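*Asks:* Dropping the structure in here first, questions after.
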Amino acid sequence: MAEKVLMKGNEAIAEAAIQAGCRHYFGYPITPQTEIAAYMAKRMPKIGGTFLQAESEIAAINMVYGVSSAGKRVMTSSSSPGISLKSEGLSYLAGSDLPALVVNAQRGGPGLGGIQPSQSDYFQATRGGGHGDYHMIVLAPSSVQEMADLTIRGFELADEYRMTAMILADGTIGQMMEPVSFDFKFKEVPEKPWATTGTKNARKHNVVNSLYLNPEQLEKTNIERYQRYEIIKEKEAMAEEYLTEDADIIVAAFGIAARVSKNAVNAARAEGIKVGLIRPITLWPFPEKVFAKAADHAKKIISVELSMGQMIEDVRLATACRVPVELCSRVGGMIPSPDQVYNAIVEAARKGGE
Amino acid sequence: MIVFDRPKALLDVPFHYCPGCTHGIIHRLVAEAIDELGIEGKTVGIAPVGCSVMAYDYFACDMIEAAHGRAPAVATGVKRSDPDNLIVFTYQGDGDLASIGTAETVHAAARNENITVIFINNAIYGMTGGQMAPTSLPGQVTQTSPYGRDVKACGYPVRICEMLSELEGPEYLERVTVNSVANVRKAKAAIKKAFQNQIDGKGFSLVEVISSCPTNWGMTPKEALKWIDDNMIPYYPLGVYKDRSAGILGAADAKKEAK
């Protein structure tokens, strides 16, 4: 059995990235993700890597753009206000079809908001954030182990599909400590014949670019990118289903909200309520099929979020509004308690029984 | 027999630049430097947003198109990805480098990032049709300063070489122009030195090239070259503002050329 170490979630991301072969990290200090930068600052010089504290989030994401153009695995991390600054770069990464890993340890917003956990960047992450038609692969860990697992998976998906993978975490999972195992089997990094590594006078020059002044050509690149997105939607959607098979009530929650919800589901089951949990692990692509299937038997879905209700829209879309979907949430850095979720389940069961 | 030919580092495609624009000359100088140093196969160029946005189609080396102003950050990433084997240059205009990308410029210089920056200063936004630039001269008439740049309302031009020369970081800062044969030759020497410095691992080297924009200045190409002498150079004196290896350590001991 692989050895486990006790680690903070943010540190688990950093260590997993290093194990995935990432040797370039660029960041700018912001709470609550600074442990990632601190870990990289300590480790990178020892292993021949680059840690660079950039002058801004904007510079950091553009340094990522540079390393990715040159074909190497690279990452940056930030928290909500910093991700807004990076959004320009995220759009350019998408437009140039460059792989990258970006971590968002979400905090409450809008504006400077707060430094406590939040999930209110769901729209920003799943819809792209920057300008133009594009998506990122969005991964939502709910444990320290998953912080590590999804970091590895994120690098693999980013390389395979030539796009940004975002770890959409939050302050809680970033800060909490759990045992984590780093016993990974790594996929081979795909060849990157498009990378700007110098022509060595042996090939035509490579150009990394997102500018297409010819509208027909720009339309074509957009359509091709969306064809790739269709493949990703088909192949890469992930969710955990917990006690959903016979469930009348489905709780939908990701990340920290899912951990809270699982306790509430267990408590309600103990009371004989047929309730289950769907925990999306990929937020984009959204696990639509899992929800569509659940809507065949569920009478109600409760979306538990640390936002004013963002994922709830995807739940409604995935179920084509066949089942009523309710929101159970806290915001601003507050976290729903297991009791709050339990009460929402009991209330739903009571109404369903009438 | 010496035959005047196109540098190998410049691809055989027609430029989109306006008649009389000096971008063509400067592209050629960069390509000549790359040829003479034999570095095309390991060079990566970063194009800006602005008139030279499509520089990626003109240079034969690997090229990257950066977001507006971010070229020094992108160049930092590329250079750090393989510092021993890659030569990295940015090619940026005044709006790109001295306005929206000021932070990226200053901090790449402060880090003494081992890259080469070619800075084209023609005191106007060319591509978008002639708006006021951070380097537009006091009183200069542009589309967005139709009564002339009023320094009370919109401040003073930014002198990049002077400003960066106060930093400990950068290795080499020189301002040149290309409005005469003699000046073109000096510009060529400066550009080549800026690449040689990178090869030698000396660090951040920036060459500011005072350029013309006949179209948006509303002049003939010939008048525009004269306008450089009469108006631009008095405000932006040519010369070496920093050359650490030669003991020129800042504005105080800068070697400005007499007009």
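Labels used: A, B, ... for chains in the order of the structure tokens, numbers from 1 for residues in each chain, and numbers from 1 for ligands as shown.
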Write out as a list in words every residue belonging to chain A that has an atom at most 6 Å from any atom of chain B, counting only C-alpha atoms.

*Replies:*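 For chain A, the answer reads Ala59, Asn62, Met63, Gly66, Val67, Ala70, Thr196, Gly198, Thr199, Lys200, Asn201, His205, Asn206, Val207, Val208 and Asn209 of chain A.
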
*Asks:* Would you mind exporting the chosen residues as a PDB file, in the first residue's frame, restricted to C-alpha atoms?

*Replies:*
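The resulting result01.pdb:
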```pdb
ATOM      1  CA  ALA A  59       1.910  38.816 -16.182  1.00  0.00           C
ATOM      2  CA  ASN A  62       1.162  35.394 -19.856  1.00  0.00           C
ATOM      3  CA  MET A  63       4.318  33.714 -18.566  1.00  0.00           C
ATOM      4  CA  GLY A  66       4.991  31.556 -22.988  1.00  0.00           C
ATOM      5  CA  VAL A  67       6.047  28.277 -21.365  1.00  0.00           C
ATOM      6  CA  ALA A  70       7.301  26.258 -25.832  1.00  0.00           C
ATOM      7  CA  THR A 196       7.748  27.093 -30.519  1.00  0.00           C
ATOM      8  CA  GLY A 198      13.080  26.880 -32.287  1.00  0.00           C
ATOM      9  CA  THR A 199      12.997  25.560 -35.853  1.00  0.00           C
ATOM     10  CA  LYS A 200      16.566  24.160 -35.538  1.00  0.00           C
ATOM     11  CA  ASN A 201      16.604  25.166 -39.229  1.00  0.00           C
ATOM     12  CA  HIS A 205       8.391  28.061 -38.447  1.00  0.00           C
ATOM     13  CA  ASN A 206       5.687  27.342 -35.894  1.00  0.00           C
ATOM     14  CA  VAL A 207       3.338  30.173 -35.027  1.00  0.00           C
ATOM     15  CA  VAL A 208       1.304  30.300 -31.828  1.00  0.00           C
ATOM     16  CA  ASN A 209      -1.500  32.725 -32.497  1.00  0.00           C
TER      17      ASN A 209
END
```

*Asks:* If we count only C-alpha atoms, what is near range 277-283 of chain A at a cut-off of 8 Å, once residues fewer than 3 positions away on the same chain are taken out, given as a PyMOL selection string?

*Replies:* chain A and resi 126+137-141+236-244+250-255+258+261-262+265+286-287+290-291

*Asks:* Mind pulling up the distance from CA of Ala148 in chain A to CA of Ala16 in chain A?

*Replies:*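 That distance, rounded to one decimal, is 5.1 Å.
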
*Asks:* List every residue of range 127-227 of chain B that DSSP, applied to the backbone of this structure, assigns to strand (DSSP E), and report them as a list in words.

*Replies:*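 Assigned to strand (DSSP E), within range 127-227 of chain B: Gln131, Met132, Tyr172, Leu173, Glu174, Arg175, Val176, Thr177, Ser205, Leu206, Val207, Glu208, Val209 and Ile210 of chain B.
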
*Asks:* Need to verify the contact set: Thr50 in chain A, 9 Å, only C-alpha atoms, exclusion of same-chain residues closer than 4 positions in sequence. Can you return it as a ChimeraX atom specification?

*Replies:* /A:23-26,40-41,44-45 /B:80-81

*Asks:* For Ala268 in chain A, which residue among A:Arg322, A:Arg228, A:Arg350, A:Arg316 is the nearest when counting only C-alpha atoms?

*Replies:*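 Among A:Arg322, A:Arg228, A:Arg350, A:Arg316, it is A:Arg350 that comes nearest to Ala268 in chain A.
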
*Asks:* Can you tell me, as a list in words, what residues are no more than 10 Å from Arg153 in chain A when counting only C-alpha atoms, ignoring any on the same chain fewer than 3 positions away?

*Replies:*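 Here the qualifying residues turn out to be Ala16, Ala17, Ala20, Leu139, Glu146, Ala148, Asp149, Leu150, Glu156, Leu157, Ala158, Asp159, Ala165, Phe186 and Lys187 of chain A.
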
*Asks:* Apply DSSP to the backbone of this structure and, from range 89-221 of chain B, keep only the residues in alpha helix (DSSP H); write these as a VMD selection string.

*Replies:* chain B and resid 94 to 95 102 to 110 151 to 154 160 to 165 181 to 199 214 to 217 221

*Asks:* For a test of reading the model, state the distance in Å between CA of Val184 in chain B and CA of Lys255 in chain B, rounded to one decimal.

*Replies:*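 Atom-to-atom, CA of Val184 in chain B to CA of Lys255 in chain B, that is 18.3 Å.
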
*Asks:* Of the residues B:Pro221, B:Val117, B:Glu257, B:Tyr125, which is the one nearest to Lys193 in chain B, using only C-alpha atoms?

*Replies:* B:Val117

*Asks:* With distances taken over only C-alpha atoms, which of A:Tyr229, A:Val346, A:Pro193, A:Leu52 is nearest to Glu113 in chain B?

*Replies:*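 For Glu113 in chain B, the nearest of the candidates is A:Leu52.
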
*Asks:* By how many Å are CA of Ile83 in chain A and CA of Ile335 in chain A apart?

*Replies:*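 Atom-to-atom, CA of Ile83 in chain A to CA of Ile335 in chain A, that is 21.5 Å.
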
*Asks:* Need the shell around Ile25 in chain B: protein/DNA/RNA residues with any atom at most 12 Å away, counting only C-alpha atoms. Skip same-chain ones fewer than 3 positions apart. Format as a PyMOL selection string?

*Replies:* chain B and resi 6-7+10+15+17+19-22+28-32+120+177-181+183-185+187-188+209-212

*Asks:* Could you check which of B:Ile191, B:Leu206, B:Leu238, B:Ala123 is closest to His27 in chain B, using only C-alpha atoms?

*Replies:* B:Ile191

*Asks:* Nearest residue to Thr142 in chain B out of B:Thr128, B:Ser165, B:Asn112, B:Asn197, using only C-alpha atoms?

*Replies:*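 Checking each of B:Thr128, B:Ser165, B:Asn112, B:Asn197 against Thr142 in chain B, counting only C-alpha atoms, the winner is B:Thr128.
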
*Asks:* So which one's closest to Phe119 in chain B, B:Asp150, B:Glu162, B:Glu168, B:Glu174? Using only C-alpha atoms, please.

*Replies:*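 Looking at the shortest contact to Phe119 in chain B, the residue is B:Glu174.
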